[in-house]
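Here the structure comes first, spelled out in structure tokens, and everything after it is commentary.
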Amino acid sequence: MKYDVLVVGAGPAGSMAAKTLAEAGLSVVMLEKRQEIGDPVRCAEAVSKRGLKDLVEVDPRWIAADLKGSRVFSPDGASIVLSEEQSGGKTGYVLERKIFDRTLAMEAACAGAEVMVKTRAQGLLKRDGKICGVSAIRSGDTFQIEAPLVIGADGIESKVGRWAGIDTTLKPKDISTCAQFLVKDESIDSNYCEFYFGNKIAPGAYAWIFPKGEKVANVGLGVLGSRSSGIGEPLRLLQEFMKSHLPKGKVVEMDVGGVPVAPQLEAMTTDGVMLVGDAAHQSDPLTGGGIITGMTAGVIAGEVAADAISRGDVKRASLRDYEDRWKEPNGNKLQRHYDLKEFFIGLTDEDLNNLLHSLTNEDTVKMDLRDMLKSLLKLNPKLLWGLRHVIF
Amino acid sequence: MLDANRYKCCYCGAYVSVCPTCSSMELMETWIEVSQGCKDCSVCTKICPVGALEAEV
């Protein structure tokens with residue numbers, strides 16, 4: 001089997017790359033090691049409306065909830081409200097990823113990409129020192145797929161980058177390990193995403209209640225890997241959160257996963273290889289959101305890959321345009337958010353309480369994340385002095 | 001040696017991302033394969049969200 005480009009992983013980033021390549025007229029194959037695309041869910045499923053609309057035509061079949069805004073809670077239970085498009089770009093819609101991911105893969109297939117499910121890449125093929133495809137296994141049968149360019153969209157557990165010599169290993173302080181329940185409960189507000197901060201609630205991250213329709217929500221939390229104090233900490237803390245916040249909630253699904261909350265990779269490409277999505281640590285270190293960033297990277301990678309193939313040059317220098325286009329504005333913004341995350345994880349619960357209380361007389365509904373941070377800095381200059389270079 | 005409890009595992013693959021040896025851990029749909037290359041560093045045990053990974057004593 002020979003293709004122009006081979007994509008490993010059929011999440012949103014991989015599907016957008018495959019679709020972009022197929023629409024450019026290239027032969028492309030996308031491998032997914034799971035037998036079902038989009039399942040099991042490993043995500044809280046919230047996305048920015050604006051971000052999504054910039055990339056795809058929104059289909060009501062995969063919108064589980066259309067939100068009015070977000071509530072942010074401090075450790076002592078005080079809260080503020082942010083409007084939907086002004087809460088860091090994180091909220092707006094809550095997706096049904098099982099349908100969404102599958103739809104994106106179908107669109108890639110309809111554009112001409114070949115999709116192979118239950119097919120796992122086992123390693124890169126090399127000829128004369130050059131990458132020329134992957135060895136793969138499907139239903140127990142091993143075979144080879146040739147392509148001069150491989151796009152690794154293989155998620156947080158990415159192997160493609162490491163096989164190619166790009167060290168994507170995450171440090172425990174740069175991964176949020178998460179557990180989530182799908183919960184039915186009469187107390188769930190279907191219009192607002194809720195974020196709960198506190199070192200006892202979700203050390204180094206936050207807990208969330210993201211509605212998915214009438215009285216149903218994703219209820220989950222993350223724990224920074226370096227703050228995980230025991231075996232199975234996220235699940236244990238989630239069960240505690242359920243007892244304190246949704247004691248009568250009915251759990252009908254359980255999802256777990258990890259999210260990179262890491263600095264930008266120094267290299268996202270090498271000769272014959274590009275990385276996109278979580279495989280390239282492109283999720284937002286501050287919010288954990290990675291759907292829009294991954295899809296954006298997939299489109300850029302697809303465009304640059306198509307150009308590189310047309311020129312017959314897949315060396316890193318030829319692929320660097322992808323990294324340059326990603327860096328401005330996305331990569332630079334995410335690097336600032338990494339600095340913010342590094343600062344905020346050092347705050348005590350008392351600090352977090354003081355910060356949120358300082359905003360209670362402000363009109364937060366009209367603020368975006370940057371405005372909110374500026375207000376926080378103005379109201380808490382001593383505590384947030386270390387952030388002045390990041391916020392302004 | 002690392003013990004992967006398949007009855008607890010929710011096959012998320014998060015632990016693979018922190019494994020310092022690229023080839024010693026692999027998520028195969030619904031089970032974890034741990035090879036002889038595992039260095040028993042136990043980094044992955046604190047990353048597994050459900051406590052499915054434990055270092056064997």
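Chain labels A, B, ... are given in the sequence in which chains occur in the structure tokens; within each chain residues are numbered consecutively from 1, and ligands are likewise numbered from 1 in the order shown.
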message = Using only C-alpha atoms, I'd like every residue of chain A that has an atom within 8 Å of chain B; please write them out as an MDAnalysis selection string.
response = chainID A and resid 33:35 42 156:159 162:163 168:172 177:179 225 228:236 255:259
query = So how many Å separate CA of Tyr206 (chain A) and CA of Leu224 (chain A), to one decimal?
reply = 9.4 Å
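In the backbone-derived DSSP annotation, helix (DSSP H, G or I) within region 244-309 of chain A comprises Ser244, His245, Gly277, Asp278, Ala279, Ala280, Ile291, Ile292, Thr293, Gly294, Met295, Thr296, Ala297, Gly298, Val299, Ile300, Ala301, Gly302, Glu303, Val304, Ala305, Ala306, Asp307, Ala308 and Ile309 of chain A.
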Kindly save the residues from that selection, with all heavy atoms included, as a compact mmCIF listing (two decimals), in the first residue's frame.
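Written file, out31.txt:
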```
# COMPACT_ATOMS: atom_id res chain seq x y z
N SER A 244 -19.97 15.79 47.82
CA SER A 244 -20.17 17.14 48.35
C SER A 244 -21.03 18.02 47.45
O SER A 244 -21.72 18.91 47.94
CB SER A 244 -18.82 17.81 48.60
OG SER A 244 -18.09 17.88 47.39
N HIS A 245 -21.01 17.79 46.14
CA HIS A 245 -21.71 18.69 45.23
C HIS A 245 -22.93 18.08 44.55
O HIS A 245 -23.87 18.81 44.21
CB HIS A 245 -20.74 19.19 44.15
CG HIS A 245 -19.71 20.13 44.67
ND1 HIS A 245 -18.61 19.71 45.38
CD2 HIS A 245 -19.62 21.49 44.62
CE1 HIS A 245 -17.89 20.76 45.72
NE2 HIS A 245 -18.48 21.85 45.28
N GLY A 277 -1.97 18.12 17.44
CA GLY A 277 -2.87 17.82 18.56
C GLY A 277 -2.12 17.50 19.84
O GLY A 277 -1.02 18.00 20.09
N ASP A 278 -2.72 16.66 20.66
CA ASP A 278 -2.10 16.30 21.94
C ASP A 278 -0.72 15.67 21.74
O ASP A 278 0.15 15.77 22.61
CB ASP A 278 -2.99 15.33 22.72
CG ASP A 278 -4.14 16.04 23.43
OD1 ASP A 278 -4.29 17.27 23.25
OD2 ASP A 278 -4.91 15.37 24.15
N ALA A 279 -0.52 15.01 20.61
CA ALA A 279 0.80 14.42 20.32
C ALA A 279 1.87 15.49 20.27
O ALA A 279 3.04 15.22 20.54
CB ALA A 279 0.75 13.66 19.00
N ALA A 280 1.47 16.74 19.94
CA ALA A 280 2.41 17.86 19.87
C ALA A 280 2.23 18.80 21.06
O ALA A 280 2.72 19.92 21.04
CB ALA A 280 2.20 18.64 18.57
N ILE A 291 -9.38 20.73 21.69
CA ILE A 291 -10.10 20.35 20.47
C ILE A 291 -9.84 21.36 19.35
O ILE A 291 -9.42 21.00 18.24
CB ILE A 291 -11.61 20.22 20.74
CG1 ILE A 291 -11.87 19.14 21.79
CG2 ILE A 291 -12.36 19.88 19.45
CD1 ILE A 291 -13.31 19.11 22.30
N ILE A 292 -10.06 22.63 19.65
CA ILE A 292 -9.90 23.67 18.63
C ILE A 292 -8.43 23.81 18.22
O ILE A 292 -8.11 23.92 17.02
CB ILE A 292 -10.44 25.03 19.14
CG1 ILE A 292 -11.93 24.90 19.51
CG2 ILE A 292 -10.23 26.12 18.09
CD1 ILE A 292 -12.83 24.47 18.38
N THR A 293 -7.53 23.80 19.21
CA THR A 293 -6.11 23.94 18.88
C THR A 293 -5.65 22.76 18.03
O THR A 293 -4.89 22.94 17.06
CB THR A 293 -5.25 24.04 20.15
OG1 THR A 293 -5.57 22.96 21.02
CG2 THR A 293 -5.48 25.35 20.86
N GLY A 294 -6.10 21.57 18.37
CA GLY A 294 -5.72 20.39 17.59
C GLY A 294 -6.26 20.45 16.17
O GLY A 294 -5.55 20.13 15.20
N MET A 295 -7.53 20.85 16.03
CA MET A 295 -8.12 20.95 14.69
C MET A 295 -7.40 22.01 13.85
O MET A 295 -7.14 21.81 12.66
CB MET A 295 -9.61 21.28 14.80
CG MET A 295 -10.45 20.15 15.38
SD MET A 295 -12.15 20.66 15.75
CE MET A 295 -12.83 20.86 14.09
N THR A 296 -7.09 23.14 14.49
CA THR A 296 -6.38 24.21 13.79
C THR A 296 -5.03 23.71 13.29
O THR A 296 -4.64 23.94 12.13
CB THR A 296 -6.18 25.42 14.74
OG1 THR A 296 -7.46 25.85 15.21
CG2 THR A 296 -5.48 26.57 14.04
N ALA A 297 -4.31 23.02 14.18
CA ALA A 297 -3.00 22.48 13.80
C ALA A 297 -3.15 21.46 12.67
O ALA A 297 -2.32 21.39 11.76
CB ALA A 297 -2.33 21.84 15.01
N GLY A 298 -4.23 20.67 12.73
CA GLY A 298 -4.46 19.67 11.69
C GLY A 298 -4.61 20.31 10.32
O GLY A 298 -4.05 19.83 9.32
N VAL A 299 -5.36 21.41 10.28
CA VAL A 299 -5.55 22.11 9.00
C VAL A 299 -4.22 22.69 8.49
O VAL A 299 -3.86 22.51 7.31
CB VAL A 299 -6.60 23.24 9.15
CG1 VAL A 299 -6.65 24.09 7.88
CG2 VAL A 299 -7.97 22.66 9.45
N ILE A 300 -3.50 23.36 9.40
CA ILE A 300 -2.21 23.96 8.98
C ILE A 300 -1.25 22.86 8.51
O ILE A 300 -0.60 22.99 7.46
CB ILE A 300 -1.56 24.76 10.13
CG1 ILE A 300 -2.48 25.91 10.58
CG2 ILE A 300 -0.20 25.32 9.70
CD1 ILE A 300 -2.02 26.61 11.86
N ALA A 301 -1.17 21.78 9.30
CA ALA A 301 -0.26 20.68 8.93
C ALA A 301 -0.65 20.10 7.58
O ALA A 301 0.22 19.79 6.74
CB ALA A 301 -0.28 19.60 10.00
N GLY A 302 -1.96 19.95 7.35
CA GLY A 302 -2.42 19.40 6.07
C GLY A 302 -2.01 20.29 4.90
O GLY A 302 -1.55 19.80 3.86
N GLU A 303 -2.17 21.60 5.08
CA GLU A 303 -1.82 22.53 4.00
C GLU A 303 -0.31 22.51 3.71
O GLU A 303 0.12 22.47 2.55
CB GLU A 303 -2.27 23.95 4.37
CG GLU A 303 -3.79 24.11 4.37
CD GLU A 303 -4.26 25.44 4.93
OE1 GLU A 303 -3.42 26.21 5.44
OE2 GLU A 303 -5.47 25.71 4.89
N VAL A 304 0.47 22.53 4.79
CA VAL A 304 1.93 22.53 4.60
C VAL A 304 2.40 21.19 4.03
O VAL A 304 3.28 21.15 3.15
CB VAL A 304 2.65 22.85 5.94
CG1 VAL A 304 4.15 22.68 5.81
CG2 VAL A 304 2.30 24.27 6.40
N ALA A 305 1.78 20.11 4.50
CA ALA A 305 2.16 18.78 4.00
C ALA A 305 1.84 18.66 2.51
O ALA A 305 2.65 18.11 1.73
CB ALA A 305 1.44 17.69 4.79
N ALA A 306 0.67 19.17 2.11
CA ALA A 306 0.29 19.09 0.69
C ALA A 306 1.30 19.84 -0.17
O ALA A 306 1.70 19.38 -1.25
CB ALA A 306 -1.11 19.67 0.50
N ASP A 307 1.73 21.00 0.32
CA ASP A 307 2.71 21.79 -0.41
C ASP A 307 4.05 21.06 -0.48
O ASP A 307 4.71 21.02 -1.54
CB ASP A 307 2.87 23.16 0.29
CG ASP A 307 3.79 24.08 -0.47
OD1 ASP A 307 3.60 24.24 -1.69
OD2 ASP A 307 4.73 24.64 0.14
N ALA A 308 4.44 20.48 0.65
CA ALA A 308 5.73 19.77 0.69
C ALA A 308 5.73 18.57 -0.26
O ALA A 308 6.71 18.33 -0.99
CB ALA A 308 6.02 19.31 2.12
N ILE A 309 4.62 17.84 -0.29
CA ILE A 309 4.53 16.68 -1.18
C ILE A 309 4.57 17.12 -2.65
O ILE A 309 5.23 16.50 -3.50
CB ILE A 309 3.23 15.88 -0.90
CG1 ILE A 309 3.30 15.20 0.47
CG2 ILE A 309 2.95 14.86 -2.01
CD1 ILE A 309 4.31 14.08 0.60
```
Fewer than 3 positions away in the same chain doesn't count, so skip those; otherwise give me all residues within 8 Å of Gly220 (chain A), counting only C-alpha atoms, as an mmCIF file with N, CA and C atoms, in the first residue's frame.
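Below you can see selection_3.cif, which holds the result:
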```cif
data_model
loop_
_atom_site.group_PDB
_atom_site.id
_atom_site.type_symbol
_atom_site.label_atom_id
_atom_site.label_comp_id
_atom_site.auth_asym_id
_atom_site.auth_seq_id
_atom_site.Cartn_x
_atom_site.Cartn_y
_atom_site.Cartn_z
ATOM 1 N N ALA A 44 -13.599 16.470 28.444
ATOM 2 C CA ALA A 44 -14.768 17.117 29.058
ATOM 3 C C ALA A 44 -15.692 17.730 28.006
ATOM 4 N N CYS A 178 -7.066 12.937 34.674
ATOM 5 C CA CYS A 178 -8.470 13.318 34.870
ATOM 6 C C CYS A 178 -9.412 12.113 34.979
ATOM 7 N N ALA A 179 -10.475 12.314 35.743
ATOM 8 C CA ALA A 179 -11.570 11.345 35.796
ATOM 9 C C ALA A 179 -12.876 12.102 35.651
ATOM 10 N N GLN A 180 -13.841 11.478 35.032
ATOM 11 C CA GLN A 180 -15.102 12.165 34.743
ATOM 12 C C GLN A 180 -16.264 11.173 34.762
ATOM 13 N N PHE A 181 -17.385 11.624 35.294
ATOM 14 C CA PHE A 181 -18.627 10.858 35.225
ATOM 15 C C PHE A 181 -19.634 11.624 34.360
ATOM 16 N N ALA A 207 -11.982 21.213 39.116
ATOM 17 C CA ALA A 207 -13.109 20.309 38.875
ATOM 18 C C ALA A 207 -14.101 21.027 37.976
ATOM 19 N N TRP A 208 -14.907 20.258 37.253
ATOM 20 C CA TRP A 208 -15.854 20.901 36.338
ATOM 21 C C TRP A 208 -17.214 20.206 36.352
ATOM 22 N N ILE A 209 -18.220 20.998 36.038
ATOM 23 C CA ILE A 209 -19.553 20.460 35.724
ATOM 24 C C ILE A 209 -19.943 21.096 34.398
ATOM 25 N N LEU A 238 -12.775 12.659 42.666
ATOM 26 C CA LEU A 238 -14.048 12.852 41.962
ATOM 27 C C LEU A 238 -15.203 12.268 42.779
#
```
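Closest approach to Asp174 (chain A) from the set A:Ala105, A:Ile137, A:Leu286, A:Val28 is made by A:Leu286, with distances taken over only C-alpha atoms.
Taking CA of Asp271 (chain A) as the reference point, CA of Ile166 (chain A) is found at 10.7 Å.
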request  = Would you please work out which residue, of A:Lys200, A:Arg320, A:Arg336, A:Lys68, is nearest to Gly92 (chain A) when using only C-alpha atoms?
outcome  = A:Lys68
query = Hey, what does DSSP flag as strand (DSSP E) within region 51-266 of chain A? Can you give it to me as a ChimeraX atom specification?
reply = /A:63-66,69-73,79-83,92-95,114-117,119-127,130-138,141-146,149-152,175-184,192-196,207-211,216-224,250-260
remark   = Students should find that CA of Asp351 (chain A) and CA of Gln264 (chain A) are spaced 27.7 Å
